[in-house]
>>> print(open('data.txt').read())   # compact mmCIF, C-alpha atoms
# COMPACT_ATOMS: atom_id res chain seq x y z
CA MET A 9 -44.78 33.30 -33.77
CA SER A 10 -42.01 31.95 -36.00
CA TYR A 11 -40.70 35.47 -36.62
CA ARG A 12 -40.43 36.11 -32.92
CA LEU A 13 -38.61 32.81 -32.50
CA ILE A 14 -36.18 33.61 -35.32
CA LEU A 15 -35.52 37.02 -33.78
CA PHE A 16 -34.92 35.35 -30.42
CA MET A 17 -32.51 32.89 -32.03
CA LEU A 18 -30.58 35.65 -33.77
CA CYS A 19 -30.29 37.63 -30.54
CA CYS A 20 -28.94 34.56 -28.78
CA TRP A 21 -26.36 33.92 -31.50
CA PRO A 22 -23.32 35.18 -29.56
CA ALA A 23 -24.39 33.23 -26.46
CA ILE A 24 -24.64 29.92 -28.31
CA ALA A 25 -22.50 27.26 -26.68
CA VAL A 26 -20.89 23.99 -27.71
CA ALA A 27 -23.37 21.36 -28.87
CA GLY A 28 -23.12 17.59 -28.31
CA SER A 29 -20.67 15.05 -29.73
CA LYS A 30 -22.57 13.85 -32.81
CA ILE A 31 -20.94 14.59 -36.16
CA ILE A 32 -22.19 17.77 -37.85
CA ALA A 33 -25.31 17.35 -40.01
CA THR A 34 -26.16 13.93 -38.50
CA GLY A 35 -29.08 15.44 -36.55
CA GLY A 36 -30.67 16.43 -39.84
CA VAL A 37 -32.83 19.55 -39.80
CA THR A 38 -36.33 19.98 -38.35
CA THR A 39 -39.44 19.22 -40.40
CA ILE A 40 -42.47 21.52 -40.49
CA GLU A 41 -43.98 19.10 -37.93
CA GLY A 42 -41.11 19.64 -35.47
CA ASN A 43 -39.29 16.31 -35.85
CA ALA A 44 -35.69 15.74 -36.93
CA GLY A 45 -35.66 14.93 -40.62
CA GLY A 46 -35.76 16.81 -43.84
CA GLY A 47 -38.32 19.53 -44.50
CA ILE A 48 -41.47 17.39 -44.79
CA VAL A 49 -40.33 13.82 -43.96
CA PRO A 50 -39.40 12.74 -40.41
CA TRP A 51 -36.20 10.66 -40.39
CA ALA A 52 -34.91 8.08 -37.94
CA VAL A 53 -32.26 10.53 -36.71
CA ILE A 54 -32.67 12.28 -33.35
CA ASN A 55 -32.69 16.07 -33.41
CA GLY A 56 -29.53 18.01 -32.60
CA TYR A 57 -26.13 16.72 -31.53
CA ALA A 58 -26.68 14.91 -28.23
CA SER A 59 -24.82 11.59 -28.40
CA SER A 60 -24.93 8.87 -25.72
CA ASP A 61 -25.31 10.30 -22.17
CA GLU A 62 -25.77 13.81 -23.55
CA TRP A 63 -28.81 16.02 -24.03
CA GLY A 64 -29.62 18.83 -26.42
CA VAL A 65 -32.23 21.40 -27.32
CA THR A 66 -33.23 22.47 -30.82
CA ALA A 67 -35.44 25.38 -31.86
CA PHE A 68 -36.61 26.12 -35.37
CA GLY A 69 -38.78 28.48 -37.36
CA GLY A 70 -39.79 27.98 -40.97
CA ARG A 71 -42.08 29.29 -43.66
CA VAL A 72 -43.62 27.68 -46.73
CA GLY A 73 -44.96 30.08 -49.32
CA VAL A 74 -46.95 28.68 -52.25
CA ASN A 75 -49.33 30.34 -54.73
CA ASP A 76 -52.45 30.60 -52.58
CA PHE A 77 -51.27 29.62 -49.08
CA SER A 78 -48.50 30.06 -46.57
CA LEU A 79 -47.51 27.89 -43.62
CA ASN A 80 -45.51 29.24 -40.71
CA SER A 81 -44.16 26.67 -38.28
CA ALA A 82 -42.04 26.99 -35.21
CA GLY A 83 -41.06 24.57 -32.51
CA ILE A 84 -38.69 23.27 -29.95
CA ALA A 85 -37.28 19.81 -29.24
CA LEU A 86 -35.46 18.11 -26.40
CA SER A 87 -33.17 15.20 -27.27
CA LEU A 88 -31.77 12.71 -24.78
CA ASP A 89 -29.00 10.17 -25.22
CA ASN A 90 -29.38 10.10 -29.04
CA ARG A 91 -32.31 7.86 -28.12
CA TRP A 92 -35.36 10.03 -27.31
CA GLU A 93 -36.72 13.12 -29.01
CA PHE A 94 -39.59 15.12 -27.50
CA SER A 95 -40.90 17.99 -29.59
CA TYR A 96 -43.61 20.59 -29.86
CA ALA A 97 -44.51 22.60 -32.95
CA ARG A 98 -47.17 25.19 -33.74
CA GLN A 99 -48.31 25.63 -37.32
CA ARG A 100 -50.29 28.50 -38.80
CA PHE A 101 -51.67 27.91 -42.27
CA ALA A 102 -52.84 31.13 -43.94
CA LEU A 103 -55.31 31.00 -46.80
CA GLU A 104 -53.81 33.99 -48.57
CA SER A 105 -56.26 34.17 -51.48
CA ILE A 106 -59.40 32.80 -49.75
CA GLY A 107 -58.86 34.60 -46.45
CA GLY A 108 -58.55 33.23 -42.92
CA SER A 109 -56.13 30.87 -41.26
CA LEU A 110 -55.92 27.45 -39.58
CA SER A 111 -53.58 26.53 -36.76
CA GLN A 112 -52.58 23.32 -35.07
CA ASP A 113 -50.33 22.08 -32.29
CA ILE A 114 -48.15 19.01 -32.77
CA PHE A 115 -46.73 17.06 -29.83
CA SER A 116 -44.27 14.34 -30.84
CA VAL A 117 -42.11 11.64 -29.35
CA LYS A 118 -39.50 9.69 -31.28
CA TYR A 119 -37.61 6.65 -29.99
CA HIS A 120 -34.43 5.39 -31.65
CA LEU A 121 -34.90 1.61 -31.71
CA ALA A 122 -31.80 0.21 -33.41
CA GLY A 123 -28.83 0.85 -35.69
CA GLU A 124 -26.53 3.85 -35.90
CA LEU A 125 -26.84 6.21 -38.88
CA LEU A 126 -23.09 6.25 -39.61
CA TYR A 127 -21.65 3.18 -37.95
CA THR A 128 -23.77 0.06 -38.44
CA ALA A 129 -24.70 -1.88 -41.55
CA MET A 130 -28.26 -1.82 -40.31
CA PRO A 131 -29.92 1.56 -40.90
CA GLN A 132 -30.86 3.64 -37.89
CA ILE A 133 -34.48 2.77 -37.11
CA SER A 134 -36.86 4.90 -35.07
CA LEU A 135 -40.49 4.86 -34.10
CA GLY A 136 -42.43 8.11 -33.81
CA ILE A 137 -45.78 9.34 -32.60
CA GLN A 138 -47.30 12.72 -33.45
CA HIS A 139 -50.36 13.97 -31.67
CA LYS A 140 -52.00 16.87 -33.50
CA ARG A 141 -54.72 19.22 -32.29
CA ASN A 142 -56.56 21.74 -34.45
CA LEU A 143 -57.02 25.17 -32.90
CA ASP A 144 -59.56 26.21 -35.58
CA PHE A 145 -61.92 23.38 -36.44
CA ALA A 146 -64.84 25.30 -38.04
CA LEU A 147 -63.46 25.19 -41.57
CA PRO A 148 -62.16 21.58 -41.38
CA ALA A 149 -65.59 20.50 -40.05
CA ALA A 150 -67.36 22.45 -42.81
CA VAL A 151 -65.38 20.62 -45.50
CA GLY A 152 -66.13 17.20 -44.00
CA ALA A 153 -63.46 16.35 -41.39
CA THR A 154 -64.83 14.35 -38.46
CA SER A 155 -62.22 15.06 -35.79
CA ALA A 156 -60.23 18.07 -34.56
CA SER A 157 -57.39 15.92 -33.28
CA GLY A 158 -55.51 12.88 -34.45
CA THR A 159 -52.45 10.77 -33.85
CA ASP A 160 -49.96 9.67 -36.51
CA PHE A 161 -47.54 6.78 -36.05
CA TYR A 162 -44.41 6.32 -38.14
CA LEU A 163 -41.49 3.97 -38.52
CA ALA A 164 -38.41 5.50 -40.14
CA ALA A 165 -35.14 4.00 -41.37
CA SER A 166 -32.16 6.23 -42.21
CA LYS A 167 -28.65 5.37 -43.38
CA VAL A 168 -25.58 7.30 -44.48
CA LEU A 169 -23.64 5.43 -47.15
CA PHE A 170 -20.06 6.67 -47.41
CA HIS A 171 -18.28 7.54 -50.64
CA GLN A 172 -21.18 6.99 -53.06
CA VAL A 173 -21.77 9.83 -55.51
CA ALA A 174 -18.52 11.31 -56.85
CA GLY A 175 -16.97 10.28 -53.51
CA ARG A 176 -19.69 12.06 -51.54
CA ASN A 177 -21.76 10.48 -48.77
CA LEU A 178 -25.38 9.65 -49.49
CA LEU A 179 -28.20 9.73 -46.98
CA LEU A 180 -31.25 7.59 -47.66
CA ASN A 181 -34.42 7.59 -45.61
CA GLY A 182 -37.68 5.71 -45.85
CA THR A 183 -40.63 6.37 -43.55
CA LEU A 184 -43.87 4.43 -43.25
CA ARG A 185 -46.67 6.47 -41.66
CA ALA A 186 -50.11 5.50 -40.41
CA THR A 187 -52.41 8.53 -40.50
CA LYS A 188 -55.96 9.82 -40.74
CA ALA A 189 -54.87 13.44 -41.26
CA ASN A 190 -56.29 15.65 -44.01
CA GLN A 191 -53.51 17.92 -45.36
CA THR A 192 -51.30 16.76 -42.46
CA GLY A 193 -54.09 17.64 -40.00
CA LEU A 194 -54.55 21.28 -41.00
CA LEU A 195 -57.93 20.22 -42.45
CA GLY A 196 -58.75 17.94 -39.54
CA PHE A 197 -58.76 14.16 -39.32
CA GLY A 198 -60.84 11.55 -41.12
CA SER A 199 -64.13 12.05 -42.92
CA ALA A 200 -67.63 10.61 -42.72
CA THR A 201 -66.90 8.19 -45.58
CA ASP A 202 -63.30 7.31 -44.67
CA ASN A 203 -62.24 7.34 -41.04
CA HIS A 204 -59.58 4.62 -41.18
CA TYR A 205 -55.82 4.75 -40.74
CA GLU A 206 -53.91 4.61 -44.00
CA PHE A 207 -50.31 3.46 -44.43
CA LEU A 208 -48.32 5.90 -46.52
CA PHE A 209 -44.72 6.07 -47.71
CA GLU A 210 -42.37 9.02 -47.38
CA GLY A 211 -38.83 9.09 -48.70
CA SER A 212 -35.77 11.30 -48.81
CA ALA A 213 -32.39 11.13 -50.51
CA ALA A 214 -29.59 13.62 -49.93
CA VAL A 215 -25.99 14.00 -51.01
CA LEU A 216 -23.59 15.57 -48.52
CA LEU A 217 -21.41 17.75 -50.73
CA ASN A 218 -19.16 18.34 -47.74
CA TYR A 219 -19.62 18.32 -43.96
CA ASN A 220 -21.69 21.51 -44.03
CA LEU A 221 -23.78 21.31 -47.18
CA ALA A 222 -26.43 18.79 -48.25
CA ILE A 223 -28.69 18.78 -51.28
CA GLY A 224 -31.57 16.40 -51.68
CA MET A 225 -35.15 15.63 -52.47
CA GLU A 226 -38.17 14.36 -50.62
CA TYR A 227 -41.47 12.73 -51.44
CA LYS A 228 -44.46 12.42 -49.16
CA GLN A 229 -47.47 10.31 -50.03
CA LYS A 230 -50.74 11.73 -48.71
CA PRO A 231 -54.21 10.35 -48.06
CA ASP A 232 -57.27 11.73 -49.86
CA LYS A 233 -60.22 11.45 -47.51
CA LEU A 234 -62.20 14.66 -48.02
CA ALA A 235 -64.77 14.70 -50.83
CA PHE A 236 -64.71 18.49 -51.40
CA ALA A 237 -61.25 18.59 -52.97
CA ALA A 238 -58.54 16.15 -54.03
CA GLU A 239 -55.42 15.95 -51.86
CA GLN A 240 -52.13 15.28 -53.61
CA HIS A 241 -48.64 14.01 -52.78
CA TRP A 242 -45.95 16.49 -51.76
CA ARG A 243 -42.38 16.77 -52.96
CA ASP A 244 -39.45 19.10 -52.60
CA ILE A 245 -35.85 19.71 -53.58
CA PHE A 246 -33.76 21.14 -50.75
CA VAL A 247 -30.41 22.60 -49.79
CA ALA A 248 -29.39 22.49 -46.13
CA TRP A 249 -26.44 24.50 -44.91
CA PHE A 250 -25.06 23.45 -41.52
CA ILE A 251 -23.12 26.62 -40.70
CA ASN A 252 -21.83 24.96 -37.54
CA LYS A 253 -23.30 22.64 -34.90
CA ASN A 254 -25.37 25.55 -33.55
CA VAL A 255 -27.05 26.98 -36.63
CA SER A 256 -28.45 25.59 -39.87
CA VAL A 257 -30.44 27.12 -42.71
CA THR A 258 -32.62 25.15 -45.11
CA GLY A 259 -34.11 26.30 -48.39
CA ALA A 260 -36.33 24.28 -50.70
CA TYR A 261 -38.48 24.38 -53.77
CA VAL A 262 -41.76 22.68 -52.88
CA ASP A 263 -44.60 21.21 -54.93
CA LEU A 264 -47.65 20.58 -52.75
CA GLY A 265 -50.04 19.72 -55.59
CA HIS A 266 -53.64 20.94 -55.37
CA ILE A 267 -54.78 22.16 -51.94
CA ALA A 268 -58.44 22.74 -51.03
CA GLY A 269 -59.42 23.00 -54.68
CA GLN A 270 -56.78 25.59 -55.48
CA GLY A 271 -54.61 24.68 -58.47
CA SER A 272 -51.02 23.48 -58.41
CA GLN A 273 -49.31 24.92 -55.31
CA THR A 274 -45.58 25.40 -55.81
CA GLY A 275 -43.22 27.74 -54.01
CA TYR A 276 -40.45 27.98 -51.46
CA TYR A 277 -39.55 26.74 -48.01
CA LEU A 278 -37.11 28.55 -45.79
CA ALA A 279 -36.14 27.52 -42.27
CA LEU A 280 -33.64 28.51 -39.63
CA GLU A 281 -32.61 26.23 -36.80
CA ALA A 282 -30.58 26.64 -33.64
CA THR A 283 -29.13 23.82 -31.54
CA TRP A 284 -27.66 23.85 -28.07
CA MET B 24 -37.47 17.85 -72.57
CA VAL B 25 -34.90 16.36 -74.99
CA LYS B 26 -32.53 19.17 -74.02
CA THR B 27 -32.93 18.37 -70.33
CA VAL B 28 -32.31 14.67 -70.90
CA THR B 29 -29.18 15.46 -72.90
CA LEU B 30 -27.95 17.80 -70.17
CA VAL B 31 -28.60 15.24 -67.43
CA SER B 32 -26.85 12.51 -69.45
CA LEU B 33 -23.89 14.79 -70.04
CA CYS B 34 -23.60 15.50 -66.32
CA LEU B 35 -23.80 11.78 -65.51
CA VAL B 36 -21.13 10.94 -68.09
CA LEU B 37 -18.89 13.61 -66.58
CA LEU B 38 -19.45 12.34 -63.04
CA LEU B 39 -18.97 8.67 -63.93
CA GLY B 40 -16.05 9.51 -66.18
CA CYS B 41 -14.22 10.92 -63.18
CA SER B 42 -14.99 8.05 -60.88
CA THR B 43 -14.12 5.23 -63.28
CA ALA B 44 -10.77 6.68 -64.40
CA PRO B 45 -7.86 4.58 -63.05
CA GLN B 46 -6.96 5.99 -59.66
CA PRO B 47 -4.12 5.24 -57.26
CA VAL B 48 -5.17 3.26 -54.19
CA LEU B 49 -6.36 5.18 -51.12
CA TYR B 50 -3.00 4.60 -49.41
CA GLN B 51 -1.28 6.64 -52.15
CA ARG B 52 -4.04 9.28 -52.18
CA LEU B 53 -3.57 9.81 -48.44
CA GLY B 54 0.12 10.52 -49.07
CA ALA B 55 1.53 7.02 -48.41
CA ASP B 56 3.51 6.49 -45.18
CA GLU B 57 4.23 10.18 -44.72
CA GLY B 58 0.58 11.20 -45.10
CA ILE B 59 -0.68 8.40 -42.84
CA ASN B 60 1.89 9.19 -40.14
CA ALA B 61 0.78 12.82 -40.25
CA ILE B 62 -2.87 11.73 -39.83
CA VAL B 63 -1.94 9.50 -36.87
CA ASP B 64 0.12 12.26 -35.21
CA GLY B 65 -2.68 14.76 -35.82
CA LEU B 66 -5.17 12.36 -34.28
CA LEU B 67 -2.94 11.85 -31.22
CA PHE B 68 -2.85 15.62 -30.82
CA GLU B 69 -6.66 15.79 -31.06
CA ILE B 70 -7.11 13.01 -28.49
CA GLU B 71 -4.66 14.69 -26.11
CA HIS B 72 -6.73 17.89 -26.28
CA ASP B 73 -10.16 16.28 -26.10
CA ASP B 74 -11.41 16.07 -22.50
CA ARG B 75 -14.24 13.80 -23.62
CA ILE B 76 -11.97 10.89 -24.50
CA VAL B 77 -8.40 11.52 -23.32
CA HIS B 78 -8.98 9.51 -20.11
CA HIS B 79 -9.38 6.33 -22.17
CA PHE B 80 -5.72 6.65 -23.15
CA ALA B 81 -4.33 7.16 -19.64
CA ASP B 82 -2.65 3.73 -19.58
CA THR B 83 -1.97 3.44 -23.30
CA ASP B 84 1.57 2.86 -24.56
CA ILE B 85 1.40 5.81 -26.96
CA SER B 86 4.41 4.88 -29.10
CA ARG B 87 3.02 1.38 -29.69
CA PHE B 88 -0.49 2.80 -30.30
CA ARG B 89 0.99 5.22 -32.83
CA ALA B 90 2.85 2.47 -34.71
CA MET B 91 -0.10 0.06 -34.68
CA LEU B 92 -2.60 2.66 -35.87
CA ALA B 93 -0.31 3.73 -38.71
CA GLU B 94 0.17 0.09 -39.71
CA GLN B 95 -3.57 -0.54 -39.56
CA LEU B 96 -4.43 2.52 -41.68
CA CYS B 97 -1.74 1.54 -44.20
CA ASP B 98 -3.12 -2.01 -44.40
CA LEU B 99 -6.78 -0.89 -44.63
CA SER B 100 -6.12 1.69 -47.32
CA GLY B 101 -4.36 -0.81 -49.58
CA GLY B 102 -0.75 0.01 -48.66
CA PRO B 103 2.19 -2.43 -48.42
CA CYS B 104 1.63 -3.29 -44.74
CA GLN B 105 0.16 -6.12 -42.75
CA TYR B 106 -1.57 -5.08 -39.52
CA SER B 107 0.13 -7.06 -36.73
CA GLY B 108 -1.79 -5.75 -33.71
CA SER B 109 -4.59 -7.38 -31.79
CA THR B 110 -8.18 -7.41 -33.02
CA MET B 111 -10.38 -4.40 -32.38
CA GLN B 112 -12.49 -6.41 -29.93
CA GLU B 113 -9.41 -7.47 -27.95
CA SER B 114 -7.83 -4.05 -27.77
CA HIS B 115 -11.01 -2.27 -26.64
CA THR B 116 -12.41 -4.76 -24.14
CA GLY B 117 -12.77 -3.22 -20.71
CA PHE B 118 -12.79 0.37 -22.01
CA ASN B 119 -16.56 0.59 -22.45
CA ILE B 120 -16.20 2.98 -25.40
CA SER B 121 -19.54 4.76 -25.80
CA LEU B 122 -21.25 6.14 -28.89
CA ALA B 123 -20.27 9.64 -27.73
CA ASP B 124 -16.61 8.54 -27.40
CA TYR B 125 -16.69 7.08 -30.90
CA ASP B 126 -18.32 10.25 -32.27
CA ALA B 127 -15.63 12.33 -30.56
CA LEU B 128 -12.81 10.29 -32.12
CA VAL B 129 -14.41 10.44 -35.59
CA GLU B 130 -14.81 14.20 -35.18
CA GLY B 131 -11.13 14.43 -34.26
CA LEU B 132 -10.12 12.40 -37.31
CA ILE B 133 -12.26 14.61 -39.57
CA LYS B 134 -10.61 17.72 -38.09
CA VAL B 135 -7.17 16.30 -38.84
CA MET B 136 -8.05 15.30 -42.40
CA GLN B 137 -9.56 18.75 -43.05
CA ARG B 138 -6.43 20.40 -41.66
CA GLN B 139 -4.25 18.24 -43.91
CA GLN B 140 -6.44 19.10 -46.88
CA VAL B 141 -7.33 15.50 -47.69
CA SER B 142 -10.05 15.70 -50.37
CA ILE B 143 -13.65 15.10 -49.26
CA ALA B 144 -13.81 11.97 -51.44
CA ASP B 145 -10.66 10.50 -49.85
CA GLN B 146 -11.86 11.42 -46.36
CA ASN B 147 -15.12 9.60 -47.07
CA ALA B 148 -13.25 6.57 -48.48
CA LEU B 149 -11.26 6.31 -45.23
CA LEU B 150 -14.35 6.87 -43.06
CA ALA B 151 -16.10 4.10 -45.02
CA LEU B 152 -13.33 1.71 -43.88
CA LEU B 153 -13.28 2.87 -40.25
CA ALA B 154 -16.95 3.54 -39.41
CA PRO B 155 -18.01 -0.15 -39.43
CA MET B 156 -15.45 -0.91 -36.69
CA TYR B 157 -17.97 0.60 -34.28
CA LYS B 158 -19.54 -2.79 -33.55
CA ASP B 159 -16.14 -4.27 -32.54
CA ILE B 160 -15.02 -1.25 -30.54
CA SER B 161 -18.06 0.04 -28.67
CA TYR B 162 -19.47 -1.04 -25.32
CA ARG B 163 -16.95 -3.80 -24.54
>>> encode(input="data.txt", output="structure tokens")
Amino acid sequence: MSYRLILFMLCCWPAIAVAGSKIIATGGVTTIEGNAGGGIVPWAVINGYASSDEWGVTAFGGRVGVNDFSLNSAGIALSLDNRWEFSYARQRFALESIGGSLSQDIFSVKYHLAGELLYTAMPQISLGIQHKRNLDFALPAAVGATSASGTDFYLAASKVLFHQVAGRNLLLNGTLRATKANQTGLLGFGSATDNHYEFLFEGSAAVLLNYNLAIGMEYKQKPDKLAFAAEQHWRDIFVAWFINKNVSVTGAYVDLGHIAGQGSQTGYYLALEATW
Amino acid sequence: MVKTVTLVSLCLVLLLGCSTAPQPVLYQRLGADEGINAIVDGLLFEIEHDDRIVHHFADTDISRFRAMLAEQLCDLSGGPCQYSGSTMQESHTGFNISLADYDALVEGLIKVMQRQQVSIADQNALLALLAPMYKDISYR
């Protein structure tokens, strides 16, 4: 699916029109879950470049490749007024060495509560909801998950601090998430012994080398509810290249820890995004 | 491990070394009066060609606006000027400047600074002084 989307985006390249009024890079990129943010952490920013009284559409496709697994994600988002973000993403997680695959749909809404990323002393603060539905629940059920769907809630705060690191601007983001998801929902939600929401921290820091290029790192705390295998925290180091307000490319080195009993999973993340 | 730590320390020393060296004030780095006037004129050109915001300037006395903005930038950036205009709240009341308008003006300013080859660090230093004015300028 993501390949088809990328192909579609490339074909549309010449037809791409002027985006909204927001400053380049301030919409962030799109996470594997379809929300504006980094690669794995949703930020308080609203996707794309729609400022007040404007609207925008963002489409993305991305692929994570680690030792024993791959994750293809693709999605689309509608942003209104730099206030609301509605998004849909489909993920397909392939168990390259074990065989088989798991897919899920993610429907999200984000609401920008307060603050402006660039202009107020208070960070930009947003509240988000992600509703996730497994399309293949046999394996998650077999390893102990109790539910094929779940809803995550998060509160994110993002701020750009000007002229910080060798005169460059610094973006900081902190996100607090309440979740029951096992491996972000790909292995279902909850377990017989632990079916409660957990509060987890996710953080990102990025330096904007110039208007078009950002480098940074992310950390995502994860729950560990399934008895069959330990789940570990995720982290990545990324480079995002905002070619213009219509196209961005993100590359990252990711460390996803142990997944489903398979040893240390490290590898790459590559994503392409288009904004109208 | 020791090698990595040494390398990281070396990089930090280099970075900090650059930023702590005595540096002329921002006013000088922007090219003093000449540089600031060029930024103001460039910004006026951008506003004139930006359909999103040009209507806000329909009744503006452009020559006074030009002089006041130059004086304000000189003052803010540490130059030998004293801003004599009205406060940002006063001068924007009734205009209902939106977030999109503010974004458009900042984008125009960035375009001008890029065109005039102001370094990224100096651009960011100026943006750091101007961005917080949002609360006094917007939605009044």
>>> closest_atom_pairs(input="data.txt", of="chain B", to="chain A", cutoff="7 Å", atoms="only C-alpha atoms", output="JSON lines")
{"residue": "B:Leu38", "atom": "CA", "partner": "A:Ala174", "partner_atom": "CA", "distance": 6.3}
{"residue": "B:Ser42", "atom": "CA", "partner": "A:Ala174", "partner_atom": "CA", "distance": 6.3}
{"residue": "B:Ser121", "atom": "CA", "partner": "A:Ser60", "partner_atom": "CA", "distance": 6.8}
{"residue": "B:Leu122", "atom": "CA", "partner": "A:Ser60", "partner_atom": "CA", "distance": 5.6}
{"residue": "B:Ala123", "atom": "CA", "partner": "A:Ser59", "partner_atom": "CA", "distance": 5.0}
{"residue": "B:Asp126", "atom": "CA", "partner": "A:Lys30", "partner_atom": "CA", "distance": 5.6}
{"residue": "B:Ala127", "atom": "CA", "partner": "A:Ser29", "partner_atom": "CA", "distance": 5.8}
{"residue": "B:Glu130", "atom": "CA", "partner": "A:Ile31", "partner_atom": "CA", "distance": 6.2}
{"residue": "B:Ile143", "atom": "CA", "partner": "A:Asn218", "partner_atom": "CA", "distance": 6.6}
{"residue": "B:Ala144", "atom": "CA", "partner": "A:Gly175", "partner_atom": "CA", "distance": 4.1}
{"residue": "B:Asn147", "atom": "CA", "partner": "A:His171", "partner_atom": "CA", "distance": 5.2}
{"residue": "B:Ala148", "atom": "CA", "partner": "A:His171", "partner_atom": "CA", "distance": 5.6}
{"residue": "B:Ala151", "atom": "CA", "partner": "A:Phe170", "partner_atom": "CA", "distance": 5.3}
{"residue": "B:Ala154", "atom": "CA", "partner": "A:Tyr127", "partner_atom": "CA", "distance": 4.9}
{"residue": "B:Pro155", "atom": "CA", "partner": "A:Tyr127", "partner_atom": "CA", "distance": 5.2}
{"residue": "B:Tyr157", "atom": "CA", "partner": "A:Tyr127", "partner_atom": "CA", "distance": 5.8}
>>> closest_residue(input="data.txt", among="A:Ile245, A:Ile84, A:Ala213, A:Ala268", to="Leu147 (chain A)", atoms="all atoms listed in the file")
A:Ala268
>>> residues_around(input="data.txt", residues="region 74-85 of chain B", least_positions_apart="5", cutoff="10 Å", atoms="all atoms listed in the file", output="list in words")
Ser29 of chain A; Leu67, Glu69, Ala90, Met91, His115, Phe118, Asn119, Ile120, Ser121, Ala123, Asp124, Tyr125, Ala127 and Leu128 of chain B
>>> write_last_selection(input="data.txt", atoms="C-alpha atoms", output="mmCIF file, in the frame of the given file")
data_model
loop_
_atom_site.group_PDB
_atom_site.id
_atom_site.type_symbol
_atom_site.label_atom_id
_atom_site.label_comp_id
_atom_site.auth_asym_id
_atom_site.auth_seq_id
_atom_site.Cartn_x
_atom_site.Cartn_y
_atom_site.Cartn_z
ATOM 1 C CA SER A 29 -20.670 15.050 -29.730
ATOM 2 C CA LEU B 67 -2.940 11.850 -31.220
ATOM 3 C CA GLU B 69 -6.660 15.790 -31.060
ATOM 4 C CA ALA B 90 2.850 2.470 -34.710
ATOM 5 C CA MET B 91 -0.100 0.060 -34.680
ATOM 6 C CA HIS B 115 -11.010 -2.270 -26.640
ATOM 7 C CA PHE B 118 -12.790 0.370 -22.010
ATOM 8 C CA ASN B 119 -16.560 0.590 -22.450
ATOM 9 C CA ILE B 120 -16.200 2.980 -25.400
ATOM 10 C CA SER B 121 -19.540 4.760 -25.800
ATOM 11 C CA ALA B 123 -20.270 9.640 -27.730
ATOM 12 C CA ASP B 124 -16.610 8.540 -27.400
ATOM 13 C CA TYR B 125 -16.690 7.080 -30.900
ATOM 14 C CA ALA B 127 -15.630 12.330 -30.560
ATOM 15 C CA LEU B 128 -12.810 10.290 -32.120
#
>>> axis_aligned_box(input="data.txt", around="region 141-151 of chain A", padding_each_side="8 Å", output="JSON")
{"center_x": -61.0, "center_y": 22.7, "center_z": -38.9, "size_x": 28.6, "size_y": 23.0, "size_z": 29.2}
>>> atom_distance(input="data.txt", atom1="CA of Val49 (chain A)", atom2="CA of Asn75 (chain A)")
21.7 Å
>>> residues_around(input="data.txt", residues="region 131-141 of chain B", least_positions_apart="3", cutoff="9 Å", atoms="all atoms listed in the file", output="list in words")
Arg52, Leu53, Gly58, Ala61, Ile62, Val63, Gly65, Leu66, Glu69, Ile70, Asp73, Asp126, Ala127, Leu128, Ala144, Asp145, Gln146 and Leu150 of chain B
>>> atom_distance(input="data.txt", atom1="CA of Ser212 (chain A)", atom2="CA of Tyr227 (chain A)")
6.4 Å
>>> atom_distance(input="data.txt", atom1="CA of Glu113 (chain B)", atom2="CA of Val129 (chain B)")
20.1 Å
>>> residues_around(input="data.txt", residues="Arg185 (chain A)", least_positions_apart="4", cutoff="9 Å", atoms="only C-alpha atoms", output="MDAnalysis selection string")
chainID A and resid 160:164 206:210
>>> residues_around(input="data.txt", residues="Ala52 (chain A)", least_positions_apart="4", cutoff="7 Å", atoms="all atoms listed in the file", output="PyMOL selection string")
chain A and resi 120+132-134+164-166
>>> closest_residue(input="data.txt", among="B:Gly117, B:Pro45, B:Leu149, B:Thr110", to="Leu96 (chain B)", atoms="only C-alpha atoms")
B:Leu149
>>> residues_near_point(input="data.txt", point="(-26.7, 19.3, -47.4)", cutoff="7 Å", atoms="all atoms listed in the file", output="VMD selection string")
chain A and resid 214 to 217 220 to 223 247 to 249
>>> build_atoms(input="data.txt", residues="region 138-144 of chain B", atoms="N, CA and C atoms", output="tab-separated table (two decimals), keeping the file's coordinate frame")
chain	number	residue	atom	x	y	z
B	138	ARG	N	-7.63	19.58	-41.84
B	138	ARG	CA	-6.43	20.40	-41.66
B	138	ARG	C	-5.36	20.00	-42.67
B	139	GLN	N	-5.27	18.70	-42.97
B	139	GLN	CA	-4.25	18.24	-43.91
B	139	GLN	C	-4.72	18.29	-45.35
B	140	GLN	N	-5.87	18.89	-45.54
B	140	GLN	CA	-6.44	19.10	-46.88
B	140	GLN	C	-6.57	17.81	-47.68
B	141	VAL	N	-6.96	16.74	-46.99
B	141	VAL	CA	-7.33	15.50	-47.69
B	141	VAL	C	-8.66	15.81	-48.38
B	142	SER	N	-8.82	15.38	-49.65
B	142	SER	CA	-10.05	15.70	-50.37
B	142	SER	C	-11.25	15.06	-49.69
B	143	ILE	N	-12.43	15.65	-49.87
B	143	ILE	CA	-13.65	15.10	-49.26
B	143	ILE	C	-13.85	13.64	-49.68
B	144	ALA	N	-13.60	13.34	-50.96
B	144	ALA	CA	-13.81	11.97	-51.44
B	144	ALA	C	-12.88	11.00	-50.73
